[in-house]
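Enquirer: Handing you a structure now.
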Amino acid sequence: MTDRPLDGRVALVTGASRGIGEFVARRLAAAGATVGVSARTLEEGDNKFEGSVSRTVSEIRAAGGVAAPFRADLGDPGDRAQLVPLVEEELGPIDILVNNAAITYLEPVDRFSARKYDLMFDVQVKAPFELTQAVLPGMRQRKRGWILNISSGAARHPVGPPYQRGMGGGAVYGMCKAALERFSTGLAAEVYADGIAVNALSPTGLVATPGVIHHGLDKLVPVERHEPMERMVEAAYVLVTGDPAVLTGRVTYAKPLLEELGVAVPPTTQ
């Protein structure tokens with residue numbers, strides 16, 4: 001069996017300058033995919049967080065993979081419209097789309113501004129929808145494709161009453177992720193006959209990404225409930241390489257998915 005099962009495939013991963021998107025892009029490239037690496041941050045220093053599209057591409061190339069950088073602000077309608085055509089012009093038809101990009105504001109509803117509300121929906125709901133619209137015609141024509149939407153446990157309804165203190169401010173974030181999950185299952189039903197898999201994946205616990213640390217969420221969750229990056233990445237890999245006839249329409253979590261399929265988590269990729 002080849003150790004590069006994705007040879008000849010083209011993948012687009014959004015939000016791939018750091019965190020989950022970065023490591024998913026690296027995993028796909030290691031398996032042979034040609035990867036379009038997209039995010040707002042093109043170069044180191046363009047953002048307050050460490051990481052950039054250029055760095056991710058450099059790491060992929062240094063490991064022997066093939067990747068190209070694409071700067072895109074998915075809060076911008078023009079960038080959303082241009083991203084897929086630009087990737088396909090340079091790399092070829094997209095076989096795998098990973099909608100990972102997110103922007104998050106954790107504020108109570110009564111103080112949530114219209115600007116922040118619109119931006120969160122643009123990046124986390126509208127962008128996955130529009131990028132999916134752009135890749136679907138080609139996938140349908142080829143009768144092959146994988147679309148993965150990265151979600152969050154925040155999509156689940158809070159348990160109560162009474163409700164846990166100290167976890168406020170997540171209503172809009174949870175609403176965005178719930179919308180993304182419902183979109184995933186509905187789309188999976190629509191494109192099943194076309195051989196296209198559509199799934200939504202969340203960490204079982206908390207992945208300590210730069211954004212998570214910035215918001216201090218890692219301090220609110222016990223260490224034993226933190227999700228290793230490797231587990232989340234391998235679950236994503238499974239969902240974009242599985243048989244679309246059976247592995248589709250899932251709203252799932254990394255650990256139980258891998259346990260169900262009997263997939264071992266590889267050694268650290270970080």
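Ligands are numbered from 1 in the order shown, chains are lettered A, B, ... in the order of the structure tokens, and residues start at 1 in each chain.
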Looking only at the backbone, which of the residues in range 43-212 of chain A does DSSP tag as helix (DSSP H, G or I), as a PyMOL selection string?

Expert: chain A and resi 53-62+77-91+109-111+114-142+153-155+171-194+210-212

Enquirer: Please produce, as CSV, a per-residue contact table for range 117-175 of chain A versus range 1-14 of chain A (criterion: any atom at most 12 Å away, only C-alpha atoms considered), showing the nearest atom pair and its distance in Å to one decimal, sorted by chain then residue number.

Expert:
residue,atom,partner,partner_atom,distance
A:Val123,CA,A:Thr14,CA,10.2
A:Gln124,CA,A:Thr14,CA,10.8
A:Ala127,CA,A:Thr14,CA,9.8
A:Pro128,CA,A:Thr14,CA,9.3
A:Leu131,CA,A:Leu12,CA,9.9
A:Thr132,CA,A:Leu12,CA,11.0
A:Ala134,CA,A:Leu12,CA,11.9
A:Val135,CA,A:Leu12,CA,10.0
A:Met139,CA,A:Val10,CA,11.5
A:Arg144,CA,A:Arg9,CA,10.6
A:Gly145,CA,A:Arg9,CA,9.8
A:Trp146,CA,A:Ala11,CA,9.2
A:Ile147,CA,A:Ala11,CA,9.8
A:Leu148,CA,A:Val13,CA,9.5
A:Asn149,CA,A:Thr14,CA,10.2
A:Ile150,CA,A:Thr14,CA,10.1

Enquirer: Keeping only N, CA, C and O atoms, write the selected residues to a file as a PDB file, in the first residue's frame.

Expert:
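File written: out35.pdb
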ATOM      1  N   VAL A 123     -17.443  34.647   8.057  1.00  0.00           N
ATOM      2  CA  VAL A 123     -16.284  33.757   8.047  1.00  0.00           C
ATOM      3  C   VAL A 123     -16.662  32.313   8.344  1.00  0.00           C
ATOM      4  O   VAL A 123     -16.155  31.382   7.710  1.00  0.00           O
ATOM      5  N   GLN A 124     -17.570  32.099   9.301  1.00  0.00           N
ATOM      6  CA  GLN A 124     -17.829  30.742   9.775  1.00  0.00           C
ATOM      7  C   GLN A 124     -19.032  30.067   9.135  1.00  0.00           C
ATOM      8  O   GLN A 124     -19.175  28.840   9.243  1.00  0.00           O
ATOM      9  N   ALA A 127     -18.781  31.839   4.355  1.00  0.00           N
ATOM     10  CA  ALA A 127     -17.597  31.399   3.604  1.00  0.00           C
ATOM     11  C   ALA A 127     -17.637  29.904   3.296  1.00  0.00           C
ATOM     12  O   ALA A 127     -17.435  29.512   2.136  1.00  0.00           O
ATOM     13  N   PRO A 128     -17.890  29.019   4.265  1.00  0.00           N
ATOM     14  CA  PRO A 128     -18.003  27.608   3.911  1.00  0.00           C
ATOM     15  C   PRO A 128     -19.088  27.344   2.860  1.00  0.00           C
ATOM     16  O   PRO A 128     -18.901  26.519   1.962  1.00  0.00           O
ATOM     17  N   LEU A 131     -17.677  28.813  -0.618  1.00  0.00           N
ATOM     18  CA  LEU A 131     -16.569  28.002  -1.141  1.00  0.00           C
ATOM     19  C   LEU A 131     -17.080  26.641  -1.595  1.00  0.00           C
ATOM     20  O   LEU A 131     -16.628  26.099  -2.610  1.00  0.00           O
ATOM     21  N   THR A 132     -18.028  26.091  -0.859  1.00  0.00           N
ATOM     22  CA  THR A 132     -18.638  24.824  -1.259  1.00  0.00           C
ATOM     23  C   THR A 132     -19.359  24.971  -2.590  1.00  0.00           C
ATOM     24  O   THR A 132     -19.243  24.118  -3.485  1.00  0.00           O
ATOM     25  N   ALA A 134     -18.609  26.888  -4.907  1.00  0.00           N
ATOM     26  CA  ALA A 134     -17.609  27.032  -5.965  1.00  0.00           C
ATOM     27  C   ALA A 134     -16.966  25.705  -6.362  1.00  0.00           C
ATOM     28  O   ALA A 134     -16.615  25.508  -7.530  1.00  0.00           O
ATOM     29  N   VAL A 135     -16.786  24.786  -5.404  1.00  0.00           N
ATOM     30  CA  VAL A 135     -16.123  23.516  -5.734  1.00  0.00           C
ATOM     31  C   VAL A 135     -17.090  22.437  -6.194  1.00  0.00           C
ATOM     32  O   VAL A 135     -16.683  21.463  -6.838  1.00  0.00           O
ATOM     33  N   MET A 139     -16.634  18.823  -8.595  1.00  0.00           N
ATOM     34  CA  MET A 139     -16.743  17.550  -7.881  1.00  0.00           C
ATOM     35  C   MET A 139     -17.864  16.697  -8.471  1.00  0.00           C
ATOM     36  O   MET A 139     -17.718  15.481  -8.648  1.00  0.00           O
ATOM     37  N   ARG A 144     -16.614  12.811  -7.548  1.00  0.00           N
ATOM     38  CA  ARG A 144     -15.672  12.555  -6.460  1.00  0.00           C
ATOM     39  C   ARG A 144     -15.408  13.851  -5.722  1.00  0.00           C
ATOM     40  O   ARG A 144     -15.223  14.900  -6.339  1.00  0.00           O
ATOM     41  N   GLY A 145     -15.402  13.773  -4.378  1.00  0.00           N
ATOM     42  CA  GLY A 145     -15.058  14.957  -3.616  1.00  0.00           C
ATOM     43  C   GLY A 145     -15.267  14.746  -2.127  1.00  0.00           C
ATOM     44  O   GLY A 145     -16.046  13.879  -1.704  1.00  0.00           O
ATOM     45  N   TRP A 146     -14.552  15.538  -1.347  1.00  0.00           N
ATOM     46  CA  TRP A 146     -14.652  15.477   0.106  1.00  0.00           C
ATOM     47  C   TRP A 146     -14.698  16.900   0.647  1.00  0.00           C
ATOM     48  O   TRP A 146     -13.803  17.705   0.355  1.00  0.00           O
ATOM     49  N   ILE A 147     -15.711  17.195   1.441  1.00  0.00           N
ATOM     50  CA  ILE A 147     -15.859  18.506   2.067  1.00  0.00           C
ATOM     51  C   ILE A 147     -15.934  18.293   3.571  1.00  0.00           C
ATOM     52  O   ILE A 147     -16.772  17.519   4.055  1.00  0.00           O
ATOM     53  N   LEU A 148     -15.053  18.955   4.292  1.00  0.00           N
ATOM     54  CA  LEU A 148     -15.013  18.819   5.745  1.00  0.00           C
ATOM     55  C   LEU A 148     -15.151  20.193   6.376  1.00  0.00           C
ATOM     56  O   LEU A 148     -14.374  21.109   6.073  1.00  0.00           O
ATOM     57  N   ASN A 149     -16.120  20.329   7.252  1.00  0.00           N
ATOM     58  CA  ASN A 149     -16.345  21.567   7.984  1.00  0.00           C
ATOM     59  C   ASN A 149     -15.912  21.376   9.431  1.00  0.00           C
ATOM     60  O   ASN A 149     -16.392  20.462  10.110  1.00  0.00           O
ATOM     61  N   ILE A 150     -15.000  22.208   9.896  1.00  0.00           N
ATOM     62  CA  ILE A 150     -14.504  22.092  11.265  1.00  0.00           C
ATOM     63  C   ILE A 150     -15.453  22.835  12.201  1.00  0.00           C
ATOM     64  O   ILE A 150     -15.655  24.041  12.083  1.00  0.00           O
TER      65      ILE A 150
END

Enquirer: Can you tell me which residues surround Ala189 in chain A at a distance of at most 9 Å, considering only C-alpha atoms, apart from same-chain residues fewer than 6 positions away, and format the answer as a ChimeraX atom specification?

Expert: /A:198,248-249

Enquirer: Could you turn the residues from that selection into a file that holds all heavy atoms, as a PDB file, in the first residue's frame?

Expert:
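And here is the file that came out, out-v6.pdb:
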ATOM      1  N   VAL A 198     -19.570  14.778   2.767  1.00  0.00           N
ATOM      2  CA  VAL A 198     -19.627  16.035   3.511  1.00  0.00           C
ATOM      3  C   VAL A 198     -19.770  15.699   4.991  1.00  0.00           C
ATOM      4  O   VAL A 198     -20.706  14.978   5.377  1.00  0.00           O
ATOM      5  CB  VAL A 198     -20.803  16.920   3.074  1.00  0.00           C
ATOM      6  CG1 VAL A 198     -20.719  18.284   3.770  1.00  0.00           C
ATOM      7  CG2 VAL A 198     -20.844  17.090   1.560  1.00  0.00           C
ATOM      8  N   THR A 248     -20.125   9.720   5.357  1.00  0.00           N
ATOM      9  CA  THR A 248     -20.636  11.037   5.008  1.00  0.00           C
ATOM     10  C   THR A 248     -21.826  11.363   5.884  1.00  0.00           C
ATOM     11  O   THR A 248     -22.416  10.477   6.517  1.00  0.00           O
ATOM     12  CB  THR A 248     -21.021  11.105   3.512  1.00  0.00           C
ATOM     13  OG1 THR A 248     -21.312  12.461   3.155  1.00  0.00           O
ATOM     14  CG2 THR A 248     -22.224  10.231   3.203  1.00  0.00           C
ATOM     15  N   GLY A 249     -22.170  12.637   5.953  1.00  0.00           N
ATOM     16  CA  GLY A 249     -23.304  13.056   6.772  1.00  0.00           C
ATOM     17  C   GLY A 249     -23.046  12.973   8.261  1.00  0.00           C
ATOM     18  O   GLY A 249     -23.988  12.994   9.055  1.00  0.00           O
TER      19      GLY A 249
END

Enquirer: Among range 72-134 of chain A, which ones does DSSP place in strand (DSSP E), written as a PyMOL selection string?

Expert: chain A and resi 96-99

Enquirer: Could the residues in this selection be saved with all heavy atoms as a PDB file, in the first residue's frame?

Expert:
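again12.pdb, written as the output of this step:
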ATOM      1  N   ILE A  96     -10.564  18.126  -2.371  1.00  0.00           N
ATOM      2  CA  ILE A  96     -10.794  18.158  -0.926  1.00  0.00           C
ATOM      3  C   ILE A  96     -10.887  19.608  -0.478  1.00  0.00           C
ATOM      4  O   ILE A  96      -9.981  20.403  -0.746  1.00  0.00           O
ATOM      5  CB  ILE A  96      -9.648  17.459  -0.160  1.00  0.00           C
ATOM      6  CG1 ILE A  96      -9.541  15.985  -0.559  1.00  0.00           C
ATOM      7  CG2 ILE A  96      -9.835  17.609   1.349  1.00  0.00           C
ATOM      8  CD1 ILE A  96      -8.256  15.319  -0.082  1.00  0.00           C
ATOM      9  N   LEU A  97     -11.972  19.947   0.199  1.00  0.00           N
ATOM     10  CA  LEU A  97     -12.135  21.282   0.771  1.00  0.00           C
ATOM     11  C   LEU A  97     -12.296  21.149   2.275  1.00  0.00           C
ATOM     12  O   LEU A  97     -13.208  20.455   2.745  1.00  0.00           O
ATOM     13  CB  LEU A  97     -13.371  21.968   0.181  1.00  0.00           C
ATOM     14  CG  LEU A  97     -13.786  23.294   0.844  1.00  0.00           C
ATOM     15  CD1 LEU A  97     -12.699  24.354   0.682  1.00  0.00           C
ATOM     16  CD2 LEU A  97     -15.116  23.785   0.277  1.00  0.00           C
ATOM     17  N   VAL A  98     -11.409  21.805   3.015  1.00  0.00           N
ATOM     18  CA  VAL A  98     -11.501  21.814   4.474  1.00  0.00           C
ATOM     19  C   VAL A  98     -11.800  23.245   4.905  1.00  0.00           C
ATOM     20  O   VAL A  98     -10.947  24.128   4.811  1.00  0.00           O
ATOM     21  CB  VAL A  98     -10.206  21.315   5.139  1.00  0.00           C
ATOM     22  CG1 VAL A  98     -10.359  21.334   6.660  1.00  0.00           C
ATOM     23  CG2 VAL A  98      -9.859  19.906   4.659  1.00  0.00           C
ATOM     24  N   ASN A  99     -13.034  23.464   5.368  1.00  0.00           N
ATOM     25  CA  ASN A  99     -13.458  24.773   5.845  1.00  0.00           C
ATOM     26  C   ASN A  99     -13.129  24.883   7.335  1.00  0.00           C
ATOM     27  O   ASN A  99     -13.888  24.414   8.188  1.00  0.00           O
ATOM     28  CB  ASN A  99     -14.958  24.958   5.616  1.00  0.00           C
ATOM     29  CG  ASN A  99     -15.303  25.141   4.155  1.00  0.00           C
ATOM     30  OD1 ASN A  99     -14.749  25.996   3.479  1.00  0.00           O
ATOM     31  ND2 ASN A  99     -16.218  24.318   3.649  1.00  0.00           N
TER      32      ASN A  99
END

Enquirer: Which value, in Å to one decimal, gives the distance between CA of Gly21 in chain A and CA of Ser184 in chain A?

Expert: 18.2 Å

Enquirer: Nearest residue to Glu59 in chain A out of A:Arg71, A:Arg26, A:Arg40, A:Arg231, using only C-alpha atoms?

Expert: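 So, comparing all the options, the nearest one is A:Arg26.
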
Enquirer: Calculate how many Å separate CA of Thr41 in chain A from CA of Gly170 in chain A, rounding to one decimal.

Expert: 24.8 Å

Enquirer: Per residue of range 100-207 of chain A within 12 Å of range 72-79 of chain A, which atom pair is closest and at what distance in Å (one decimal), using only C-alpha atoms, listed by chain and increasing number, as JSON lines?

Expert:
{"residue": "A:Asn100", "atom": "CA", "partner": "A:Leu74", "partner_atom": "CA", "distance": 11.0}
{"residue": "A:Ala101", "atom": "CA", "partner": "A:Leu74", "partner_atom": "CA", "distance": 7.9}
{"residue": "A:Ala102", "atom": "CA", "partner": "A:Leu74", "partner_atom": "CA", "distance": 8.9}
{"residue": "A:Ile103", "atom": "CA", "partner": "A:Gly75", "partner_atom": "CA", "distance": 9.0}
{"residue": "A:Arg115", "atom": "CA", "partner": "A:Gly75", "partner_atom": "CA", "distance": 10.9}
{"residue": "A:Lys116", "atom": "CA", "partner": "A:Gly75", "partner_atom": "CA", "distance": 10.6}
{"residue": "A:Tyr117", "atom": "CA", "partner": "A:Gly75", "partner_atom": "CA", "distance": 11.4}
{"residue": "A:Asp118", "atom": "CA", "partner": "A:Gly75", "partner_atom": "CA", "distance": 8.8}
{"residue": "A:Leu119", "atom": "CA", "partner": "A:Gly75", "partner_atom": "CA", "distance": 5.9}
{"residue": "A:Met120", "atom": "CA", "partner": "A:Gly75", "partner_atom": "CA", "distance": 8.0}
{"residue": "A:Phe121", "atom": "CA", "partner": "A:Gly75", "partner_atom": "CA", "distance": 8.6}
{"residue": "A:Asp122", "atom": "CA", "partner": "A:Gly75", "partner_atom": "CA", "distance": 5.4}
{"residue": "A:Val123", "atom": "CA", "partner": "A:Gly75", "partner_atom": "CA", "distance": 5.2}
{"residue": "A:Gln124", "atom": "CA", "partner": "A:Leu74", "partner_atom": "CA", "distance": 8.7}
{"residue": "A:Val125", "atom": "CA", "partner": "A:Leu74", "partner_atom": "CA", "distance": 10.2}
{"residue": "A:Lys126", "atom": "CA", "partner": "A:Leu74", "partner_atom": "CA", "distance": 8.8}
{"residue": "A:Ala127", "atom": "CA", "partner": "A:Leu74", "partner_atom": "CA", "distance": 6.1}
{"residue": "A:Pro128", "atom": "CA", "partner": "A:Leu74", "partner_atom": "CA", "distance": 9.2}
{"residue": "A:Phe129", "atom": "CA", "partner": "A:Leu74", "partner_atom": "CA", "distance": 11.3}
{"residue": "A:Glu130", "atom": "CA", "partner": "A:Pro77", "partner_atom": "CA", "distance": 9.5}
{"residue": "A:Leu131", "atom": "CA", "partner": "A:Leu74", "partner_atom": "CA", "distance": 9.7}

Enquirer: Closest to Glu227 in chain A among A:Phe183, A:Tyr105, A:Tyr253, A:Tyr192, using only C-alpha atoms?

Expert: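 The answer is A:Tyr253, which sits nearest to Glu227 in chain A.
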